[in-house]
Amino acid sequence: MAGRLEGQVALVTGGGSGIGLAVVERYVAEGARVGVLQRSPGPAQALRERFGDGVVRVVEGDVRSAADQRRAVADTVAAFGGLDALVCNAGVWDYGRALERYDDDALVATYRELLDVNVLGCVLAVAAAREALVASRGAVILTGSPSGRFAGGGGPLYVASKHAVEGLVRQLAFELAPEVRVNAVAPGATRTALRGPAALGLGERRLDEQEQLTDAIAQQLPLGVVAEPADHASLYVLLAAREESSFMTASVLRSDGGVEVRGGGAARAAAAGAAR
Ligand SMILES: NC(=O)c1ccc[n+]([C@@H]2O[C@H](COP(=O)([O-])OP(=O)(O)OC[C@H]3O[C@@H](n4cnc5c(N)ncnc54)[C@H](O)[C@@H]3O)[C@@H](O)[C@H]2O)c1
């Protein structure tokens with residue numbers, strides 16, 4: 001049976017780990033060839049060895065660099081003959097750092113790092129890929145978060161960055177129409193190596209090593225667990241597949257365990273008690 005992305009070409013930022021890697025795996029399984037812009041050499045090499053250059057092309061670089069973004073687009077287009085879908089996914093989290101826990105220097109440095117990766121990284125990617133996507137009548141898919149809508153899933157800098165990502169979905173859907181559709185997937189808490197800002201000394205901290213934290217988050221969710229990266233992958237396929245989402249643009253698909261209706265733990269027990 002033909003895959004849902006047979007013959008298509010995608011480019012995924014931060015595709016070497018976590019949700020980005022799950023998207024790359026799924027896109028390849030659906031018949032796509034995939035370029036990846038990846039900062040760290042280890043995951044970049046692992047991707048090359050696993051898939052080979054004919055299926056996945058890896059460019060090492062930083063999403064904050066316009067030159068690296070243009071190199072990734074040019075390499076992908078040269079290798080695979082075009083670009084149908086751009087997935088802007090690379091990101092860092094602020095580990096919920098509240099304003100009162102910053103001194104001024106750390107606040108400015110963290111703002112610059114986190115907003116540059118999470119927001120500028122998307123803007124530069126779309127700028128670099130726009131022409132190729134217009135030519136193919138392709139799709140942009142951004143990785144959002146419940147923090148694009150709610151407070152409490154991060155500190156002010158992360159929450160502001162993901163609100164900005166949802167702003168980009170709307171404005172870019174407007175600007176790139178009718179040729180290019182622009183949507184987002186907003187994954188909720190997911191067991192990944194999501195890191196913090198180097199400006200806070202959290203560049204090597206990994207979310208998937210914070211078991212107490214992920215357990216506490218799971219308790220707050222109606223579904224009672226945090227997600228695995230692959231749980232979100234089919235939504236990225238849906239938004240890339242022209243035949244399956246041809247009338248969707250400016251949408252945010254939420255894959256967050258029902259965080260909006262969270263009651264979890266105590267509230268759920270209380271509701272069960274009240275119902276008896
Ligand atoms: N894990 C969660 O709970 C969660 C929840 C909501 C949203 N998200 C979002 O999902 C996206 C993917 O994160 P993940 O959870 O898979 O974590 P992850 O750390 O596994 O993936 C992030 C990727 O981005 C890359 N990256 C970071 N900074 C970069 C830079 N400057 N240049 C190039 N690449 C860079 C990392 O190397 C990594 O491959 C992020 O945008 C994150 O905000 C994650």
# chains A, B, ... in the order shown; residues from 1 in each chain; ligands from 1
$ residues_around --residues "A:Gly121" --least-positions-apart "4" --cutoff "10 Å" --atoms "only C-alpha atoms" --output "ChimeraX atom specification"
/A:13,62-66,69,88-91,114-117,125-126
$ closest_atom_pairs --of "stretch 78-125 of chain A" --to "stretch 194-200 of chain A" --cutoff "6 Å" --atoms "only C-alpha atoms" --output "JSON lines"
{"residue": "A:Val92", "atom": "CA", "partner": "A:Gly196", "partner_atom": "CA", "distance": 5.5}
{"residue": "A:Trp93", "atom": "CA", "partner": "A:Gly196", "partner_atom": "CA", "distance": 5.0}
{"residue": "A:Asp94", "atom": "CA", "partner": "A:Gly196", "partner_atom": "CA", "distance": 5.4}
{"residue": "A:Ala109", "atom": "CA", "partner": "A:Ala199", "partner_atom": "CA", "distance": 5.9}
{"residue": "A:Thr110", "atom": "CA", "partner": "A:Ala199", "partner_atom": "CA", "distance": 5.3}
$ closest_residue --among "A:Val134, A:Leu37, A:Leu235, A:Leu168" --to "ligand 1" --atoms "only C-alpha atoms and all ligand atoms"
A:Leu37
$ select_by_dssp --residues "stretch 19-263 of chain A" --states "strand (DSSP E or B)" --output "count of residues only"
33
$ closest_residue --among "A:Ala250, A:Gly14, A:Asp75, A:Thr190" --to "A:Ala173" --atoms "only C-alpha atoms"
A:Ala250
$ select_by_dssp --residues "stretch 162-251 of chain A" --states "alpha helix (DSSP H)" --output "PyMOL selection string"
chain A and resi 162-176+211-220+233-240
$ residues_around --residues "stretch 221-234 of chain A" --least-positions-apart "5" --cutoff "7 Å" --atoms "only C-alpha atoms" --output "PyMOL selection string"
chain A and resi 18-19+22-23+26+187+189-191+214+255+257-259+262-264
$ residues_around --residues "A:Pro156" --least-positions-apart "5" --cutoff "8 Å" --atoms "only C-alpha atoms" --output "PDB file with C-alpha atoms, in the first residue's frame"
ATOM      1  CA  GLY A  96       9.078  26.681  34.438  1.00  0.00           C
ATOM      2  CA  ARG A  97      11.491  29.346  35.726  1.00  0.00           C
ATOM      3  CA  ALA A  98       9.359  32.093  37.331  1.00  0.00           C
ATOM      4  CA  LEU A  99      10.244  35.753  36.880  1.00  0.00           C
TER       5      LEU A  99
END
$ atom_distance --atom1 "atom 37 (O, counted along the ligand's line) of ligand 1" --atom2 "atom CA of A:Arg170"
26.0 Å
$ residues_around --residues "A:Gln8" --least-positions-apart "3" --cutoff "12 Å" --atoms "only C-alpha atoms" --output "ChimeraX atom specification"
/A:2-5,11,27-35,55,76-77,80-86,133,136-139,237,240-242
$ closest_residue --among "A:Gly7, A:Gly154, A:Gly61, A:Gly54" --to "ligand 1" --atoms "only C-alpha atoms and all ligand atoms"
A:Gly61
$ closest_residue --among "A:Ala74, A:Leu21, A:Leu207, A:Val185" --to "A:Phe51" --atoms "only C-alpha atoms"
A:Leu21
$ residues_around --residues "A:Gly144" --least-positions-apart "3" --cutoff "10 Å" --atoms "only C-alpha atoms" --output "list of chain:residue names"
A:Cys88, A:Asn89, A:Gly91, A:Asn118, A:Ile141, A:Ser147, A:Gly148, A:Arg149, A:Ser161, A:Lys162, A:His163, A:Ala164, A:Val165, A:Glu166, A:Val169, A:Asn183, A:Ala184, A:Val185, A:Ala186, A:Pro187, A:Gly188, A:Val252, A:Leu253, A:Arg254
$ write_last_selection --atoms "N, CA and C atoms" --output "PDB file, in the first residue's frame"
ATOM      1  N   CYS A  88       8.823  23.001  11.620  1.00  0.00           N
ATOM      2  CA  CYS A  88       9.651  23.829  12.512  1.00  0.00           C
ATOM      3  C   CYS A  88       9.439  23.309  13.927  1.00  0.00           C
ATOM      4  N   ASN A  89      10.395  22.573  14.414  1.00  0.00           N
ATOM      5  CA  ASN A  89      10.168  21.801  15.630  1.00  0.00           C
ATOM      6  C   ASN A  89      11.203  22.047  16.725  1.00  0.00           C
ATOM      7  N   GLY A  91      13.338  23.236  19.697  1.00  0.00           N
ATOM      8  CA  GLY A  91      12.927  24.121  20.779  1.00  0.00           C
ATOM      9  C   GLY A  91      13.633  23.804  22.076  1.00  0.00           C
ATOM     10  N   ASN A 118      13.100  29.258  19.790  1.00  0.00           N
ATOM     11  CA  ASN A 118      11.702  28.836  19.628  1.00  0.00           C
ATOM     12  C   ASN A 118      10.917  29.664  18.609  1.00  0.00           C
ATOM     13  N   ILE A 141       4.398  23.207   9.111  1.00  0.00           N
ATOM     14  CA  ILE A 141       3.834  22.681  10.356  1.00  0.00           C
ATOM     15  C   ILE A 141       4.764  23.107  11.487  1.00  0.00           C
ATOM     16  N   SER A 147       1.421  25.592  26.142  1.00  0.00           N
ATOM     17  CA  SER A 147       1.899  26.910  26.569  1.00  0.00           C
ATOM     18  C   SER A 147       1.657  27.974  25.506  1.00  0.00           C
ATOM     19  N   GLY A 148       1.159  27.584  24.348  1.00  0.00           N
ATOM     20  CA  GLY A 148       0.717  28.565  23.364  1.00  0.00           C
ATOM     21  C   GLY A 148      -0.655  29.116  23.695  1.00  0.00           C
ATOM     22  N   ARG A 149      -1.235  28.576  24.763  1.00  0.00           N
ATOM     23  CA  ARG A 149      -2.616  28.957  25.064  1.00  0.00           C
ATOM     24  C   ARG A 149      -2.860  29.181  26.559  1.00  0.00           C
ATOM     25  N   SER A 161       7.029  32.425  24.216  1.00  0.00           N
ATOM     26  CA  SER A 161       7.559  31.907  22.945  1.00  0.00           C
ATOM     27  C   SER A 161       6.517  31.043  22.239  1.00  0.00           C
ATOM     28  N   LYS A 162       5.770  30.245  22.979  1.00  0.00           N
ATOM     29  CA  LYS A 162       4.794  29.365  22.321  1.00  0.00           C
ATOM     30  C   LYS A 162       3.514  30.119  21.947  1.00  0.00           C
ATOM     31  N   HIS A 163       3.180  31.198  22.707  1.00  0.00           N
ATOM     32  CA  HIS A 163       2.115  32.081  22.210  1.00  0.00           C
ATOM     33  C   HIS A 163       2.552  32.710  20.885  1.00  0.00           C
ATOM     34  N   ALA A 164       3.820  33.065  20.798  1.00  0.00           N
ATOM     35  CA  ALA A 164       4.331  33.658  19.551  1.00  0.00           C
ATOM     36  C   ALA A 164       4.237  32.655  18.406  1.00  0.00           C
ATOM     37  N   VAL A 165       4.497  31.375  18.692  1.00  0.00           N
ATOM     38  CA  VAL A 165       4.396  30.354  17.639  1.00  0.00           C
ATOM     39  C   VAL A 165       2.952  30.313  17.105  1.00  0.00           C
ATOM     40  N   GLU A 166       1.974  30.398  17.990  1.00  0.00           N
ATOM     41  CA  GLU A 166       0.578  30.395  17.507  1.00  0.00           C
ATOM     42  C   GLU A 166       0.277  31.673  16.717  1.00  0.00           C
ATOM     43  N   VAL A 169       1.555  31.038  13.288  1.00  0.00           N
ATOM     44  CA  VAL A 169       0.645  30.179  12.510  1.00  0.00           C
ATOM     45  C   VAL A 169      -0.394  31.047  11.811  1.00  0.00           C
ATOM     46  N   ASN A 183      -0.021  25.348   9.626  1.00  0.00           N
ATOM     47  CA  ASN A 183      -0.733  24.829  10.788  1.00  0.00           C
ATOM     48  C   ASN A 183       0.270  24.440  11.862  1.00  0.00           C
ATOM     49  N   ALA A 184      -0.240  24.037  13.012  1.00  0.00           N
ATOM     50  CA  ALA A 184       0.659  23.587  14.085  1.00  0.00           C
ATOM     51  C   ALA A 184       0.089  22.348  14.749  1.00  0.00           C
ATOM     52  N   VAL A 185       0.999  21.568  15.308  1.00  0.00           N
ATOM     53  CA  VAL A 185       0.636  20.536  16.267  1.00  0.00           C
ATOM     54  C   VAL A 185       1.095  21.043  17.625  1.00  0.00           C
ATOM     55  N   ALA A 186       0.224  20.956  18.618  1.00  0.00           N
ATOM     56  CA  ALA A 186       0.590  21.388  19.966  1.00  0.00           C
ATOM     57  C   ALA A 186       0.634  20.171  20.878  1.00  0.00           C
ATOM     58  N   PRO A 187       1.806  19.546  20.974  1.00  0.00           N
ATOM     59  CA  PRO A 187       1.919  18.367  21.844  1.00  0.00           C
ATOM     60  C   PRO A 187       1.930  18.800  23.298  1.00  0.00           C
ATOM     61  N   GLY A 188       1.323  17.999  24.137  1.00  0.00           N
ATOM     62  CA  GLY A 188       1.453  18.242  25.577  1.00  0.00           C
ATOM     63  C   GLY A 188       2.669  17.518  26.104  1.00  0.00           C
ATOM     64  N   VAL A 252      -4.495  24.782  14.862  1.00  0.00           N
ATOM     65  CA  VAL A 252      -3.574  24.184  15.843  1.00  0.00           C
ATOM     66  C   VAL A 252      -4.214  22.893  16.336  1.00  0.00           C
ATOM     67  N   LEU A 253      -3.571  21.778  16.053  1.00  0.00           N
ATOM     68  CA  LEU A 253      -4.098  20.485  16.503  1.00  0.00           C
ATOM     69  C   LEU A 253      -3.495  20.160  17.868  1.00  0.00           C
ATOM     70  N   ARG A 254      -4.357  19.957  18.840  1.00  0.00           N
ATOM     71  CA  ARG A 254      -3.879  19.730  20.205  1.00  0.00           C
ATOM     72  C   ARG A 254      -3.767  18.237  20.481  1.00  0.00           C
TER      73      ARG A 254
END
$ closest_residue --among "A:Leu172, A:Val119, A:Ala128, A:Ala10" --to "A:Leu239" --atoms "only C-alpha atoms"
A:Ala10
$ closest_residue --among "A:Val12, A:Met248, A:Val180, A:Val108" --to "ligand 1" --atoms "only C-alpha atoms and all ligand atoms"
A:Val12
$ atom_distance --atom1 "atom CA of A:Gln38" --atom2 "atom CA of A:Ala135"
24.8 Å
